[in-house]
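Everything below concerns the one structure shown next.
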Amino acid sequence: MTEITPRTDWTRDEIGALFDLPFNDLMFEAQSIHRANFPRNEVQLSTLLSIKTGGCPEDCGYCSQSTEAESGLKATKLMDVQAVLQAAAQAKDHGSGRFCMGAAWRNPKERDMPKLIEMVKGVRQMGMETCMTLGMLSSDQAKQLADAGLDYYNHNIDTSPENYANVITTRTFEDRIETLENVRSAGINVCCGGIVGMGETRSDRIGFLHALATMPHPESVPINALVPVAGTVLGDMLKDTPLAKIDEVEFVRTVAVARIVMPQSMVRLSAGRESMSEACQALCFMAGANSIFTGDKLLTAANAGDDKDSALLSKLGMTPMMAQPHGHLEAAE
């Protein structure tokens with residue numbers, strides 16, 4: 001009998017045992033859980049726009065937008081509201097049901113909040129789900145965004161607690177958790193995942209999923225494959241090494257385990273998809289992934305593109321999931 005009730009008491013040993021299952025058994029379990037919780041052949045199409053690029057003071061080793069990176073990326077100011085809304089309308093025309101807005105900040109300043117609020121309201125009026133990723137949020141900032149109607153806030157934990165300091169030193173794992181708590185308390189759905197293929201071990205991937213599965217489950221879980229960018233710490237460190245690209249079967253296993261331990265979360269294939277084979281992506285859908293970023297770019301990284309995605313979904317007999325922009329949580333008292 002497939003267990004579909006969400007649990008937050010997973011142990012690392014249990015998650016490790018899932019990774020160790022024969023591949024076909026793991027896929028059968030993941031697909032069974034997926035079908036029990038979601039439409040079987042639907043995938044949510046999301047578009048991600050960088051509304052403020054570069055100049056971030058954080059030292060995330062994977063990110064070309066960090067001031068520590070020598071990627072040649074020039075910093076920009078926060079986009080005008082109208083330009084963002086035009087991009088959202090175009091994304092909707094191309095089939096996206098969720099519009100995500102990302103700013104390269106450690107945290108937004110109060111002077112930025114009025115523009116951000118107008119962006120959220122404008123995108124919501126189009127009937128799309130809204131998501132933002134702006135760095136760390138105070139409880140008051142989270143409440144302002146919730147009042148504006150923000151559906152989701154993305155703030156990734158990136159990797160296991162033990163591996164975290166190898167990737168980022170300018171904020172702690174606990175800082176990440178505090179922002180997630182502020183977002184959840186404000187009644188905004190949580191989007192939280194991380195990156196694999198950063199040279200981590202399977203033990204780290206187990207620890208990463210364990211951290212997600214033992215908190216209140218994020219409503220959306222993006223699984224990124226590292227895009228090694230020249231000039232970033234990890235991009236330069238992993239260049240021309242076997243660690244520069246995670247094994248596709250191991251990536252699919254990670255997606256499948258995420259589906260099993262977080263049965264009611266949206267699991268999204270995020271960065272790195274442009275370098276994945278169609279077969280790998282198809283296996284990820286079979287493993288329970290049901291959301292992708294579409295369009296030609298994710299923040300500053302290349303992405304598969306609308307036309308390729310449409311052709312792939314058609315080949316697989318999959319259809320876009322309808323937007324559901326009113327699924328807010330109950331705000332904590």
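Here, A, B, ... name the chains of the structure tokens in the order displayed, residue numbers run from 1 inside each chain, and ligands are numbered from 1 in the same displayed order.
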Might you pull out every residue within 6 Å of range 202-211 of chain A, with only C-alpha atoms counted and same-chain residues fewer than 3 positions away left off, and present them as a list in words?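 My list of contacting residues is Thr159, Ser160 and Thr214 of chain A.
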Would you list the contacts of range 309-321 of chain A as a ChimeraX atom specification, taking every protein, DNA or RNA residue within 6 Å and counting only C-alpha atoms, but skipping same-chain residues closer than 2 positions in sequence? /A:41-44,306-307
CA of His155 in chain A to CA of Leu134 in chain A, distance in Å rounded to a single decimal: 8.1 Å
With only C-alpha atoms as the counted atoms, please give the residues lying no more than 8 Å from Ile168 in chain A, apart from itself and same-chain residues fewer than 2 positions off, as a short mmCIF file (atom, residue, chain, number, x, y, z; two decimals) with C-alpha atoms, in the first residue's frame.
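Contents of the output file part-v4.cif:
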data_model
loop_
_atom_site.label_atom_id
_atom_site.label_comp_id
_atom_site.auth_asym_id
_atom_site.auth_seq_id
_atom_site.Cartn_x
_atom_site.Cartn_y
_atom_site.Cartn_z
CA GLU A 58 26.59 37.21 -0.71
CA ASP A 59 29.41 34.81 -1.62
CA CYS A 60 27.34 31.83 -2.84
CA GLY A 61 29.92 29.72 -4.66
CA TYR A 164 26.36 24.50 3.65
CA ALA A 165 29.50 26.35 4.84
CA ASN A 166 31.43 24.86 1.89
CA THR A 170 28.06 35.19 4.30
CA ARG A 171 24.88 33.80 5.86
CA THR A 172 24.17 30.68 7.84
#
For range 8-10 of chain A, work out the shell of residues within 9 Å, counting only C-alpha atoms and skipping chain neighbours fewer than 2 positions away, then give it as a ChimeraX atom specification. /A:6,12-15,210,212-217,261-262
Under the rule that only C-alpha atoms are counted, which of A:Asn224, A:Val255, A:Ser139, A:Thr169 is the nearest residue to Gly187 in chain A?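 Among the listed residues, the smallest separation from Gly187 in chain A belongs to A:Ser139.
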Can you write out as a tab-separated table which residues of range 156-237 of chain A fall within 12 Å of range 95-106 of chain A, alongside each residue's closest atom pair and its distance in Å to one decimal, counting only C-alpha atoms and ordering rows by chain and ascending residue number?
residue	atom	partner	partner_atom	distance
A:Thr170	CA	A:Arg106	CA	9.3
A:Arg171	CA	A:Arg106	CA	9.0
A:Asp175	CA	A:Arg106	CA	11.1
A:Arg176	CA	A:Arg106	CA	11.2
A:Thr179	CA	A:Arg106	CA	11.6
A:Cys191	CA	A:Cys100	CA	10.7
A:Ser220	CA	A:Arg98	CA	11.7
Give the helix (DSSP H, G or I) residues of range 129-293 of chain A, as DSSP finds them on the backbone, and put them as number ranges by chain. A: 139-148, 164-166, 173-185, 202-213, 233-238, 242-244, 248-261, 273-275, 278-286
Using only C-alpha atoms, which of A:Leu48, A:Gly197, A:Lys121, A:Thr232 sits nearest Glu250 in chain A?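 For Glu250 in chain A, the nearest of the given residues is A:Gly197.
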Could you tell me how far CA of Leu26 in chain A lies from CA of Ala256 in chain A, in Å and to one decimal?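 Between CA of Leu26 in chain A and CA of Ala256 in chain A the gap is 6.9 Å.
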Residue contacts of Ser50 in chain A (12 Å, only C-alpha atoms) excluding same-chain residues fewer than 2 positions away, as a PyMOL selection string: chain A and resi 47-48+52-54+65+75-80+83-84+87-88+99-105+131-134+297-301
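In the backbone-derived DSSP annotation, strand (DSSP E or B) within range 5-78 of chain A comprises Glu42, Val43, Gln44, Leu45, Ser46, Thr47, Leu48, Leu49, Ser50, Ile51, Lys52, Cys56 and Ser66 of chain A.
Within the 7 Å cut-off around Asp158 in chain A, using only C-alpha atoms and omitting residues fewer than 2 positions from it on the same chain, the listed residues are A:Asn156, A:Gly193, A:Gly194, A:Ile195.
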For a test of reading the model, state the distance in Å between CA of Glu110 in chain A and CA of Ile177 in chain A, rounded to one decimal.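 Distance between the two atoms: 21.4 Å.
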